[in-house]
file query_6.txt (compact mmCIF, C-alpha atoms)
# COMPACT_ATOMS: atom_id res chain seq x y z
CA MET A 1 -82.94 -128.35 42.16
CA ARG A 2 -86.58 -128.94 41.26
CA LYS A 3 -87.28 -125.18 41.43
CA LEU A 4 -84.39 -124.47 39.08
CA SER A 5 -85.77 -126.94 36.57
CA GLU A 6 -89.21 -125.31 36.70
CA LEU A 7 -87.68 -121.87 36.16
CA SER A 8 -85.59 -123.20 33.27
CA ARG A 9 -88.70 -124.60 31.63
CA LEU A 10 -90.54 -121.33 32.21
CA PHE A 11 -87.59 -119.46 30.68
CA LEU A 12 -87.48 -121.65 27.56
CA ASN A 13 -91.24 -121.53 27.10
CA SER A 14 -91.33 -117.74 27.47
CA LEU A 15 -88.38 -117.41 25.12
CA LEU A 16 -89.85 -119.55 22.34
CA SER A 17 -93.31 -121.11 22.27
CA GLU A 18 -94.98 -118.64 24.64
CA ASN A 19 -93.02 -115.56 23.71
CA MET A 20 -94.88 -112.25 24.04
CA SER A 21 -94.28 -111.30 20.41
CA LEU A 22 -94.45 -114.64 18.65
CA ALA A 23 -97.24 -116.38 20.56
CA PHE A 24 -99.17 -113.37 21.85
CA PHE A 25 -98.43 -111.00 18.93
CA LEU A 26 -97.43 -108.12 21.23
CA GLY A 27 -95.00 -105.81 19.47
CA ILE A 28 -95.17 -107.57 16.10
CA LEU A 29 -96.60 -104.44 14.47
CA PHE A 30 -93.95 -102.29 16.16
CA MET A 31 -91.22 -104.62 14.88
CA MET A 32 -92.62 -104.77 11.35
CA VAL A 33 -92.96 -101.01 11.00
CA GLU A 34 -89.94 -99.83 12.99
CA SER A 35 -87.31 -102.27 11.73
CA GLY A 36 -84.80 -100.76 9.35
CA SER A 37 -81.25 -101.80 8.62
CA ILE A 38 -79.92 -104.53 10.93
CA LYS A 39 -77.42 -102.18 12.58
CA LYS A 40 -80.04 -99.52 13.35
CA THR A 41 -82.56 -102.14 14.46
CA ALA A 42 -80.04 -103.72 16.82
CA VAL A 43 -79.62 -100.38 18.63
CA LYS A 44 -83.32 -99.54 18.49
CA GLY A 45 -84.13 -103.02 19.75
CA LEU A 46 -81.90 -102.57 22.78
CA LYS A 47 -83.73 -99.38 23.70
CA TYR A 48 -87.10 -101.04 23.13
CA VAL A 49 -86.47 -104.24 25.10
CA SER A 50 -84.75 -102.49 27.99
CA THR A 51 -87.77 -100.17 28.32
CA VAL A 52 -90.21 -103.11 28.18
CA PHE A 53 -88.09 -104.95 30.78
CA VAL A 54 -88.06 -102.09 33.28
CA ILE A 55 -91.72 -101.19 32.74
CA ASN A 56 -92.77 -104.81 33.29
CA ILE A 57 -90.91 -104.92 36.61
CA LEU A 58 -92.42 -101.58 37.64
CA GLY A 59 -95.92 -102.69 36.67
CA TRP A 60 -95.51 -105.98 38.54
CA PHE A 61 -94.31 -104.22 41.72
CA LEU A 62 -97.14 -101.69 41.62
CA HIS A 63 -99.89 -104.24 41.07
CA SER A 64 -98.35 -106.59 43.67
CA PHE A 65 -98.49 -103.87 46.32
CA LEU A 66 -102.09 -103.05 45.50
CA PRO A 67 -104.63 -104.84 47.74
CA SER A 68 -106.35 -107.66 45.84
CA GLY A 69 -109.71 -105.87 46.20
CA LEU A 70 -108.36 -103.11 43.98
CA ASP A 71 -107.43 -105.43 41.11
CA PRO A 72 -109.80 -103.63 38.68
CA LEU A 73 -107.38 -100.69 38.93
CA ASN A 74 -104.57 -102.72 37.34
CA PRO A 75 -105.24 -101.51 33.78
CA ALA A 76 -104.98 -97.91 35.05
CA ILE A 77 -101.62 -98.68 36.69
CA PHE A 78 -100.37 -100.40 33.56
CA PHE A 79 -101.49 -97.45 31.47
CA ILE A 80 -99.50 -95.03 33.64
CA THR A 81 -96.38 -97.20 33.43
CA THR A 82 -96.93 -97.53 29.67
CA VAL A 83 -97.00 -93.74 29.28
CA LEU A 84 -93.77 -93.65 31.30
CA GLY A 85 -92.23 -96.22 28.92
CA VAL A 86 -93.28 -94.24 25.85
CA THR A 87 -91.81 -91.08 27.39
CA VAL A 88 -88.48 -92.88 27.93
CA LEU A 89 -88.46 -94.16 24.33
CA LYS A 90 -89.23 -90.66 23.05
CA TYR A 91 -86.48 -89.22 25.25
CA TRP A 92 -84.11 -91.67 23.54
CA GLY A 93 -85.13 -90.21 20.19
CA GLU A 94 -87.45 -93.03 19.09
CA LEU A 95 -91.08 -93.04 17.92
CA LYS A 96 -91.14 -89.46 16.72
CA GLY A 97 -93.42 -88.34 13.93
CA GLU A 98 -96.66 -89.75 12.60
CA TRP A 99 -97.90 -93.03 11.21
CA PHE A 100 -101.07 -92.76 9.09
CA GLY A 101 -102.05 -89.59 10.94
CA LEU A 102 -101.57 -91.15 14.36
CA PRO A 103 -98.59 -90.45 16.64
CA LYS A 104 -95.91 -93.08 16.06
CA PHE A 105 -95.65 -93.87 19.76
CA ILE A 106 -99.02 -95.62 19.46
CA LEU A 107 -97.04 -98.58 18.06
CA ALA A 108 -95.26 -99.07 21.40
CA ILE A 109 -98.39 -98.80 23.57
CA GLY A 110 -99.50 -102.35 22.69
CA PRO A 111 -96.34 -104.24 23.71
CA LEU A 112 -95.74 -102.09 26.79
CA PHE A 113 -99.31 -102.44 28.10
CA GLY A 114 -99.89 -105.98 26.86
CA THR A 115 -96.82 -107.60 28.41
CA GLN A 116 -97.69 -106.17 31.82
CA LEU A 117 -101.16 -107.66 31.44
CA LEU A 118 -99.65 -110.98 30.36
CA ILE A 119 -97.34 -111.09 33.38
CA GLN A 120 -100.23 -110.18 35.69
CA ASN A 121 -102.33 -113.02 34.24
CA GLY A 122 -99.49 -115.44 34.95
CA ALA A 123 -99.74 -114.60 38.70
CA TYR A 124 -95.97 -115.03 39.01
CA VAL A 125 -93.88 -114.65 42.14
CA TYR A 126 -90.82 -112.39 41.86
CA ALA A 127 -88.37 -115.05 40.60
CA GLU A 128 -90.83 -116.32 38.01
CA MET A 129 -91.67 -112.79 36.87
CA MET A 130 -87.97 -111.98 36.37
CA THR A 131 -87.45 -115.23 34.47
CA VAL A 132 -90.45 -114.69 32.21
CA ASN A 133 -89.62 -111.01 31.69
CA THR A 134 -86.00 -111.78 30.76
CA ALA A 135 -87.08 -114.51 28.33
CA TYR A 136 -89.74 -112.25 26.79
CA ILE A 137 -87.32 -109.44 26.05
CA LEU A 138 -84.56 -111.78 24.88
CA GLY A 139 -86.93 -113.53 22.48
CA GLY A 140 -88.41 -110.19 21.45
CA TYR A 141 -84.97 -108.75 20.70
CA ILE A 142 -83.92 -111.74 18.59
CA LEU A 143 -87.22 -111.56 16.70
CA PHE A 144 -86.85 -107.81 16.11
CA VAL A 145 -83.39 -108.25 14.57
CA LEU A 146 -84.59 -111.27 12.57
CA ILE A 147 -87.54 -109.29 11.20
CA ALA A 148 -85.15 -106.49 10.18
CA ALA A 149 -82.93 -109.03 8.40
CA ILE A 150 -85.87 -110.62 6.59
CA LYS A 151 -87.24 -107.19 5.64
CA GLU A 152 -83.87 -106.16 4.23
CA GLU A 153 -83.69 -109.40 2.22
CA ILE A 154 -87.22 -108.87 0.88
CA ILE A 155 -86.42 -105.33 -0.24
CA ILE A 156 -83.19 -106.21 -2.09
CA SER A 157 -84.50 -109.47 -3.58
CA ASP A 158 -85.35 -109.96 -7.26
CA ALA A 159 -88.91 -111.03 -6.42
CA ALA A 160 -91.93 -109.51 -8.17
CA PRO A 161 -92.99 -106.21 -6.55
CA VAL A 162 -96.19 -107.79 -5.24
CA PHE A 163 -94.11 -110.01 -2.95
CA LYS A 164 -92.12 -107.07 -1.58
CA SER A 165 -94.80 -106.37 0.96
CA TYR A 166 -95.75 -107.18 4.53
CA SER A 167 -97.37 -110.41 3.30
CA THR A 168 -93.95 -112.00 2.72
CA LEU A 169 -92.74 -110.74 6.09
CA LEU A 170 -95.80 -112.22 7.83
CA ALA A 171 -95.32 -115.51 5.99
CA ALA A 172 -91.68 -115.60 7.09
CA ILE A 173 -92.75 -115.00 10.72
CA ALA A 174 -95.31 -117.80 10.30
CA MET A 175 -92.55 -120.20 9.21
CA LEU A 176 -90.47 -119.11 12.18
CA ALA A 177 -93.46 -119.65 14.48
CA LEU A 178 -94.02 -123.11 13.00
CA GLY A 179 -90.41 -123.95 13.75
CA VAL A 180 -90.79 -122.71 17.31
CA ILE A 181 -94.05 -124.57 17.98
CA GLY A 182 -92.35 -127.69 16.65
CA ILE A 183 -89.87 -127.57 19.49
CA GLN A 184 -92.38 -126.84 22.24
CA ILE A 185 -90.99 -127.52 25.69
CA ILE A 186 -93.39 -129.78 27.55
CA MET B 1 -93.35 -100.94 2.75
CA ASP B 2 -95.67 -98.36 4.31
CA LYS B 3 -95.93 -96.38 1.06
CA ASN B 4 -98.85 -96.43 -1.33
CA LEU B 5 -101.06 -98.72 0.76
CA THR B 6 -104.78 -99.18 0.21
CA ILE B 7 -107.29 -98.82 3.07
CA LEU B 8 -107.57 -102.61 3.34
CA GLU B 9 -103.79 -102.96 3.70
CA LYS B 10 -103.70 -100.20 6.31
CA VAL B 11 -106.53 -101.92 8.18
CA MET B 12 -104.54 -105.17 8.21
CA LEU B 13 -101.55 -103.36 9.69
CA MET B 14 -103.37 -101.13 12.17
CA GLY B 15 -105.64 -103.91 13.35
CA LEU B 16 -102.98 -106.62 13.28
CA LEU B 17 -103.19 -107.44 17.00
CA PRO B 18 -106.90 -108.41 17.11
CA LEU B 19 -106.65 -109.85 13.60
CA LEU B 20 -104.01 -112.31 14.78
CA GLY B 21 -105.08 -112.81 18.37
CA ALA B 22 -108.87 -112.66 18.44
CA THR B 23 -109.68 -114.80 15.39
CA ASN B 24 -109.24 -118.24 16.91
CA ASN B 25 -112.88 -118.96 16.13
CA LEU B 26 -115.77 -117.15 14.49
CA LYS B 27 -117.67 -116.22 17.67
CA GLN B 28 -114.55 -114.70 19.22
CA ALA B 29 -113.84 -112.76 16.02
CA LEU B 30 -117.43 -111.52 15.87
CA ILE B 31 -117.48 -110.32 19.50
CA THR B 32 -114.12 -108.55 19.07
CA ALA B 33 -115.09 -107.00 15.73
CA ILE B 34 -118.39 -105.61 17.05
CA SER B 35 -116.66 -104.26 20.17
CA ALA B 36 -113.87 -102.70 18.09
CA VAL B 37 -116.32 -100.90 15.80
CA LEU B 38 -118.35 -99.59 18.76
CA ILE B 39 -115.22 -98.45 20.62
CA SER B 40 -113.95 -96.75 17.43
CA LEU B 41 -117.23 -94.86 17.12
CA LEU B 42 -117.00 -93.69 20.73
CA ILE B 43 -113.36 -92.69 20.24
CA LYS B 44 -114.34 -90.72 17.14
CA PHE B 45 -116.97 -88.96 19.24
CA PHE B 46 -114.46 -88.12 22.00
CA ALA B 47 -111.88 -87.01 19.44
CA ARG B 48 -114.25 -84.22 18.39
CA PHE B 49 -113.39 -82.50 21.66
CA MET B 50 -109.67 -82.65 20.87
CA THR B 51 -108.93 -79.28 19.36
CA GLU B 52 -105.20 -79.97 19.15
CA ARG B 53 -103.16 -83.11 18.73
CA GLU B 54 -100.41 -82.71 21.32
CA ASP B 55 -98.96 -85.83 22.95
CA TYR B 56 -100.93 -85.43 26.15
CA HIS B 57 -104.18 -85.18 24.17
CA TRP B 58 -103.34 -88.52 22.60
CA TYR B 59 -102.49 -90.01 26.00
CA LEU B 60 -105.89 -88.91 27.27
CA LEU B 61 -107.60 -90.44 24.24
CA ILE B 62 -105.67 -93.71 24.64
CA GLY B 63 -106.65 -93.71 28.32
CA VAL B 64 -110.28 -93.40 27.23
CA GLY B 65 -109.75 -96.20 24.69
CA ILE B 66 -108.30 -98.57 27.29
CA THR B 67 -111.11 -97.72 29.73
CA LEU B 68 -113.73 -98.38 27.03
CA SER B 69 -112.19 -101.72 26.08
CA TYR B 70 -112.10 -102.67 29.78
CA VAL B 71 -115.77 -101.70 30.13
CA PHE B 72 -116.65 -103.77 27.05
CA TYR B 73 -114.61 -106.70 28.37
CA ILE B 74 -116.51 -106.67 31.68
CA ALA B 75 -119.87 -105.91 30.04
CA VAL B 76 -119.68 -108.78 27.54
CA ILE B 77 -118.87 -111.26 30.31
CA ASP B 78 -121.54 -109.86 32.65
CA ILE B 79 -124.34 -109.53 30.12
CA PHE B 80 -123.58 -112.70 28.14
CA PRO B 81 -121.95 -115.12 30.63
CA GLU B 82 -122.23 -117.93 28.08
CA LEU B 83 -119.82 -116.00 25.82
CA GLU B 84 -117.08 -115.82 28.46
CA ILE B 85 -115.15 -118.70 26.86
CA TYR B 86 -114.96 -116.71 23.62
CA VAL B 87 -113.62 -113.55 25.27
CA ASN B 88 -109.87 -113.27 25.68
CA ASN B 89 -107.35 -110.58 26.51
CA TYR B 90 -107.41 -109.23 22.97
CA LEU B 91 -110.78 -107.63 23.73
CA LEU B 92 -109.07 -105.75 26.54
CA LEU B 93 -106.17 -104.98 24.22
CA LEU B 94 -108.46 -103.26 21.71
CA GLY B 95 -107.63 -100.11 23.64
CA VAL B 96 -104.01 -100.33 22.47
CA THR B 97 -104.85 -101.16 18.84
CA PRO B 98 -104.02 -98.23 16.51
CA LEU B 99 -107.07 -98.90 14.32
CA ILE B 100 -109.61 -97.80 16.92
CA TYR B 101 -108.01 -94.31 16.98
CA ILE B 102 -108.41 -93.83 13.23
CA GLY B 103 -111.35 -91.47 13.89
CA ALA B 104 -108.89 -89.07 15.54
CA SER B 105 -106.35 -89.24 12.71
CA ARG B 106 -105.57 -86.03 10.89
CA SER B 107 -104.81 -87.61 7.52
CA GLU B 108 -107.16 -90.62 7.31
CA ASN B 109 -110.69 -89.43 6.62
CA GLU B 110 -112.55 -92.54 5.49
CA PHE B 111 -113.50 -93.73 8.96
CA PHE B 112 -116.41 -95.94 7.94
CA ALA B 113 -114.43 -97.62 5.16
CA TYR B 114 -111.82 -98.61 7.75
CA GLN B 115 -114.45 -100.01 10.11
CA LYS B 116 -116.23 -101.91 7.35
CA ASP B 117 -113.00 -103.47 6.06
CA PHE B 118 -111.90 -104.40 9.59
CA PHE B 119 -115.24 -106.02 10.38
CA ILE B 120 -115.25 -108.07 7.19
CA LEU B 121 -111.61 -109.08 7.66
CA MET B 122 -112.17 -110.22 11.26
CA ILE B 123 -115.14 -112.37 10.23
CA PHE B 124 -113.27 -113.80 7.25
CA VAL B 125 -110.09 -114.64 9.18
CA GLY B 126 -112.12 -116.02 12.12
CA ALA B 127 -114.21 -118.24 9.85
CA LEU B 128 -111.19 -119.46 7.91
CA ARG B 129 -109.20 -120.28 11.04
CA GLU B 130 -112.11 -122.09 12.68
CA LEU B 131 -112.90 -124.04 9.52
CA LEU B 132 -109.32 -125.06 8.78
CA GLY B 133 -108.06 -125.32 12.36
CA ARG B 134 -111.03 -127.03 13.98
CA GLY B 135 -113.16 -128.21 11.08
CA SER B 136 -116.18 -126.30 12.40
CA ILE B 137 -118.14 -123.08 11.90
CA PHE B 138 -119.89 -121.42 14.85
CA SER B 139 -118.90 -124.54 16.83
CA ILE B 140 -120.89 -126.75 14.41
CA GLN B 141 -118.56 -129.61 13.50
CA LEU B 142 -118.26 -130.04 9.73
CA THR B 143 -115.44 -132.57 9.57
CA ALA B 144 -114.84 -135.71 11.63
CA ALA B 145 -114.18 -134.57 15.22
CA GLY B 146 -110.46 -134.45 15.96
CA TYR B 147 -109.54 -134.40 12.26
CA PRO B 148 -109.44 -130.75 11.19
CA PRO B 149 -108.13 -130.03 7.67
CA LEU B 150 -105.14 -127.98 8.93
CA GLY B 151 -104.91 -128.23 12.71
CA PHE B 152 -102.02 -125.78 13.16
CA VAL B 153 -104.15 -122.92 11.79
CA LYS B 154 -105.91 -122.55 15.14
CA ASP B 155 -102.52 -121.83 16.79
CA PHE B 156 -100.36 -118.73 16.45
CA PRO B 157 -98.34 -119.83 13.38
CA GLY B 158 -101.64 -120.36 11.56
CA ALA B 159 -102.75 -116.84 12.46
CA PHE B 160 -99.62 -115.38 10.85
CA LEU B 161 -100.00 -117.62 7.81
CA ILE B 162 -103.68 -116.88 7.18
CA VAL B 163 -103.19 -113.11 7.58
CA SER B 164 -100.15 -113.21 5.28
CA ILE B 165 -102.09 -115.11 2.60
CA ILE B 166 -104.99 -112.65 2.81
CA TYR B 167 -102.54 -109.73 2.63
CA LEU B 168 -100.99 -111.28 -0.48
CA LEU B 169 -104.43 -111.77 -2.07
CA VAL B 170 -105.23 -108.12 -1.33
CA GLU B 171 -101.95 -107.08 -2.99
CA LEU B 172 -102.65 -109.26 -6.03
CA SER B 173 -106.19 -107.95 -6.43
CA ARG B 174 -105.18 -104.31 -6.48
CA LYS B 175 -106.42 -102.54 -9.56
CA ASP B 176 -103.64 -99.97 -9.60
CA LYS B 177 -100.94 -102.48 -10.48
CA LYS B 178 -98.90 -99.71 -12.08
CA ASN B 179 -98.89 -97.68 -8.88
CA LEU B 180 -98.12 -100.80 -6.93
CA ARG B 181 -95.07 -101.42 -9.08
CA GLU B 182 -93.91 -97.84 -8.70
CA GLY B 183 -94.58 -97.87 -4.98
CA SER B 184 -92.67 -101.08 -4.46
CA GLU B 185 -89.74 -99.92 -6.50
CA LYS B 186 -89.55 -96.79 -4.38
CA VAL B 187 -88.91 -99.04 -1.41
CA VAL B 188 -85.98 -100.68 -3.21
call {"tool": "encode", "arguments": {"input": "query_6.txt", "output": "structure tokens"}}
result
Amino acid sequence: MRKLSELSRLFLNSLLSENMSLAFFLGILFMMVESGSIKKTAVKGLKYVSTVFVINILGWFLHSFLPSGLDPLNPAIFFITTVLGVTVLKYWGELKGEWFGLPKFILAIGPLFGTQLLIQNGAYVYAEMMTVNTAYILGGYILFVLIAAIKEEIIISDAAPVFKSYSTLLAAIAMLALGVIGIQII
Amino acid sequence: MDKNLTILEKVMLMGLLPLLGATNNLKQALITAISAVLISLLIKFFARFMTEREDYHWYLLIGVGITLSYVFYIAVIDIFPELEIYVNNYLLLLGVTPLIYIGASRSENEFFAYQKDFFILMIFVGALRELLGRGSIFSIQLTAAGYPPLGFVKDFPGAFLIVSIIYLLVELSRKDKKNLREGSEKVV
């Protein structure tokens, strides 16, 4: 019973106040740039979070099986799994083309690599890792769709053109983050 | 929203991860900014050997970037152990920040302008967050201890808010207001 309560708390924390995107900023850029209409973002988000979910599990298994003396190799393992994740996303027709002269898939490298690093730093056992991972992707998905909704509202609003920029989107995320930090689970 | 952006706006987008995560205080921002500029220079050097820009070339370059950021992460802690408390994972995550690969970009040529703007932005955001969130600069307490002007600024909502305000100021200070209007209307 006690264990369940700890996992529930871990889940709620990872979903809200310690979410990978909101609290650790991983994938925020991806979400801001890649979000389009809500319908398209909902589908794209499913592809994105399912890839992050699987890659996190893969990364955790690989680094768990590695002897502790070889811990410095973890970034290399996470990089390989990240490349695998990007390949899957590209296979699904996402992240094609360029973004300011760089390949668009560079936007997904951060969240894919960073979340594995975050989970490794947590030194979680399997049940905890699955809980945290599920909460991360659930929170990330909700945030992605919310960002798309806010972006759509900003674009169609009657506001002055200067406010139809990423500054308003970032301010909206800040308000959301303030709301989340206000209901921190102790 | 990606259309008609100035270099400063692109820098804020491409360097968003360290700008939000590694600006909790001025020392942290300074360490990350210096590391980012040095890694970017090394990446630019390695990119000279990339004759083509196929996906696997980029993967190799990103692998180099992550290795360099890992080396910097270890080196900073080893050489300056007293700075360890100011080093966080965002130094390691420099390797996955798009901005450090700008030297390998085919369309963005003003490499040094990007680095200069990023460096200034990091210092500015770091100083502002430390001053408002902790009431100190370089760990020198300026306000009564425990009574910062805006305590939440040192946390993640404050990072979003400060960066959004700076982004808005950048938008407002643009000289090409006409282009800005046209660019924004294109989005609509």
call {"tool": "axis_aligned_box", "arguments": {"input": "query_6.txt", "around": "segment 146-163 of chain A", "padding_each_side": "4 Å", "output": "lines of an AutoDock Vina configuration file"}}
result
center_x = -89.6
center_y = -108.3
center_z = 2.2
size_x = 21.3
size_y = 13.9
size_z = 28.7
call {"tool": "closest_residue", "arguments": {"input": "query_6.txt", "among": "A:Leu138, A:Ala42, A:Leu95, A:Ile55", "to": "chain B", "atoms": "only C-alpha atoms"}}
result
A:Leu95
call {"tool": "interface_residues", "arguments": {"input": "query_6.txt", "of": "chain B", "to": "chain A", "cutoff": "8 Å", "atoms": "all atoms listed in the file", "output": "VMD selection string"}}
result
chain B and resid 1 to 2 13 to 14 16 to 17 20 to 21 55 58 to 59 63 66 93 96 to 98 101 to 102 104 to 108 156 to 161 163 to 168 171 to 172 180 to 181 184 to 185 187 to 188
call {"tool": "write_last_selection", "arguments": {"input": "query_6.txt", "atoms": "C-alpha atoms", "output": "PDB file, in the coordinates of the input"}}
result
ATOM      1  CA  MET B   1     -93.350-100.940   2.750  1.00  0.00           C
ATOM      2  CA  ASP B   2     -95.670 -98.360   4.310  1.00  0.00           C
ATOM      3  CA  LEU B  13    -101.550-103.360   9.690  1.00  0.00           C
ATOM      4  CA  MET B  14    -103.370-101.130  12.170  1.00  0.00           C
ATOM      5  CA  LEU B  16    -102.980-106.620  13.280  1.00  0.00           C
ATOM      6  CA  LEU B  17    -103.190-107.440  17.000  1.00  0.00           C
ATOM      7  CA  LEU B  20    -104.010-112.310  14.780  1.00  0.00           C
ATOM      8  CA  GLY B  21    -105.080-112.810  18.370  1.00  0.00           C
ATOM      9  CA  ASP B  55     -98.960 -85.830  22.950  1.00  0.00           C
ATOM     10  CA  TRP B  58    -103.340 -88.520  22.600  1.00  0.00           C
ATOM     11  CA  TYR B  59    -102.490 -90.010  26.000  1.00  0.00           C
ATOM     12  CA  GLY B  63    -106.650 -93.710  28.320  1.00  0.00           C
ATOM     13  CA  ILE B  66    -108.300 -98.570  27.290  1.00  0.00           C
ATOM     14  CA  LEU B  93    -106.170-104.980  24.220  1.00  0.00           C
ATOM     15  CA  VAL B  96    -104.010-100.330  22.470  1.00  0.00           C
ATOM     16  CA  THR B  97    -104.850-101.160  18.840  1.00  0.00           C
ATOM     17  CA  PRO B  98    -104.020 -98.230  16.510  1.00  0.00           C
ATOM     18  CA  TYR B 101    -108.010 -94.310  16.980  1.00  0.00           C
ATOM     19  CA  ILE B 102    -108.410 -93.830  13.230  1.00  0.00           C
ATOM     20  CA  ALA B 104    -108.890 -89.070  15.540  1.00  0.00           C
ATOM     21  CA  SER B 105    -106.350 -89.240  12.710  1.00  0.00           C
ATOM     22  CA  ARG B 106    -105.570 -86.030  10.890  1.00  0.00           C
ATOM     23  CA  SER B 107    -104.810 -87.610   7.520  1.00  0.00           C
ATOM     24  CA  GLU B 108    -107.160 -90.620   7.310  1.00  0.00           C
ATOM     25  CA  PHE B 156    -100.360-118.730  16.450  1.00  0.00           C
ATOM     26  CA  PRO B 157     -98.340-119.830  13.380  1.00  0.00           C
ATOM     27  CA  GLY B 158    -101.640-120.360  11.560  1.00  0.00           C
ATOM     28  CA  ALA B 159    -102.750-116.840  12.460  1.00  0.00           C
ATOM     29  CA  PHE B 160     -99.620-115.380  10.850  1.00  0.00           C
ATOM     30  CA  LEU B 161    -100.000-117.620   7.810  1.00  0.00           C
ATOM     31  CA  VAL B 163    -103.190-113.110   7.580  1.00  0.00           C
ATOM     32  CA  SER B 164    -100.150-113.210   5.280  1.00  0.00           C
ATOM     33  CA  ILE B 165    -102.090-115.110   2.600  1.00  0.00           C
ATOM     34  CA  ILE B 166    -104.990-112.650   2.810  1.00  0.00           C
ATOM     35  CA  TYR B 167    -102.540-109.730   2.630  1.00  0.00           C
ATOM     36  CA  LEU B 168    -100.990-111.280  -0.480  1.00  0.00           C
ATOM     37  CA  GLU B 171    -101.950-107.080  -2.990  1.00  0.00           C
ATOM     38  CA  LEU B 172    -102.650-109.260  -6.030  1.00  0.00           C
ATOM     39  CA  LEU B 180     -98.120-100.800  -6.930  1.00  0.00           C
ATOM     40  CA  ARG B 181     -95.070-101.420  -9.080  1.00  0.00           C
ATOM     41  CA  SER B 184     -92.670-101.080  -4.460  1.00  0.00           C
ATOM     42  CA  GLU B 185     -89.740 -99.920  -6.500  1.00  0.00           C
ATOM     43  CA  VAL B 187     -88.910 -99.040  -1.410  1.00  0.00           C
ATOM     44  CA  VAL B 188     -85.980-100.680  -3.210  1.00  0.00           C
TER      45      VAL B 188
END
call {"tool": "closest_residue", "arguments": {"input": "query_6.txt", "among": "B:Ile120, B:Arg53, B:Thr67, B:Gly151", "to": "Ile77 of chain A", "atoms": "all atoms listed in the file"}}
result
B:Thr67
call {"tool": "atom_distance", "arguments": {"input": "query_6.txt", "atom1": "atom CA of Pro67 of chain A", "atom2": "atom CA of Gln120 of chain A"}}
result
13.9 Å
call {"tool": "atom_distance", "arguments": {"input": "query_6.txt", "atom1": "atom CA of Ile137 of chain A", "atom2": "atom CA of Leu91 of chain B"}}
result
23.6 Å
call {"tool": "atom_distance", "arguments": {"input": "query_6.txt", "atom1": "atom CA of Lys154 of chain B", "atom2": "atom CA of Lys27 of chain B"}}
result
13.6 Å
call {"tool": "closest_residue", "arguments": {"input": "query_6.txt", "among": "A:Ala159, A:Leu73, A:Leu58, A:Ile38", "to": "Val145 of chain A", "atoms": "all atoms listed in the file"}}
result
A:Ile38
call {"tool": "residues_around", "arguments": {"input": "query_6.txt", "residues": "segment 24-26 of chain B", "least_positions_apart": "3", "cutoff": "10 Å", "atoms": "all atoms listed in the file", "output": "JSON, numbers by chain"}}
result
{"B": [19, 20, 21, 29, 30, 31, 32, 86, 122, 123, 124, 125, 126, 127, 128, 129, 130, 131, 133, 134, 136, 137, 138, 139, 153, 154, 155, 156, 158, 159]}
call {"tool": "closest_residue", "arguments": {"input": "query_6.txt", "among": "B:Gln115, B:Gln28, B:Thr51, B:Thr143", "to": "Leu83 of chain B", "atoms": "all atoms listed in the file"}}
result
B:Gln28
call {"tool": "residues_around", "arguments": {"input": "query_6.txt", "residues": "Lys40 of chain A", "least_positions_apart": "3", "cutoff": "12 Å", "atoms": "only C-alpha atoms", "output": "PyMOL selection string"}}
result
chain A and resi 34-37+43-47+94+144-145+148-149+152
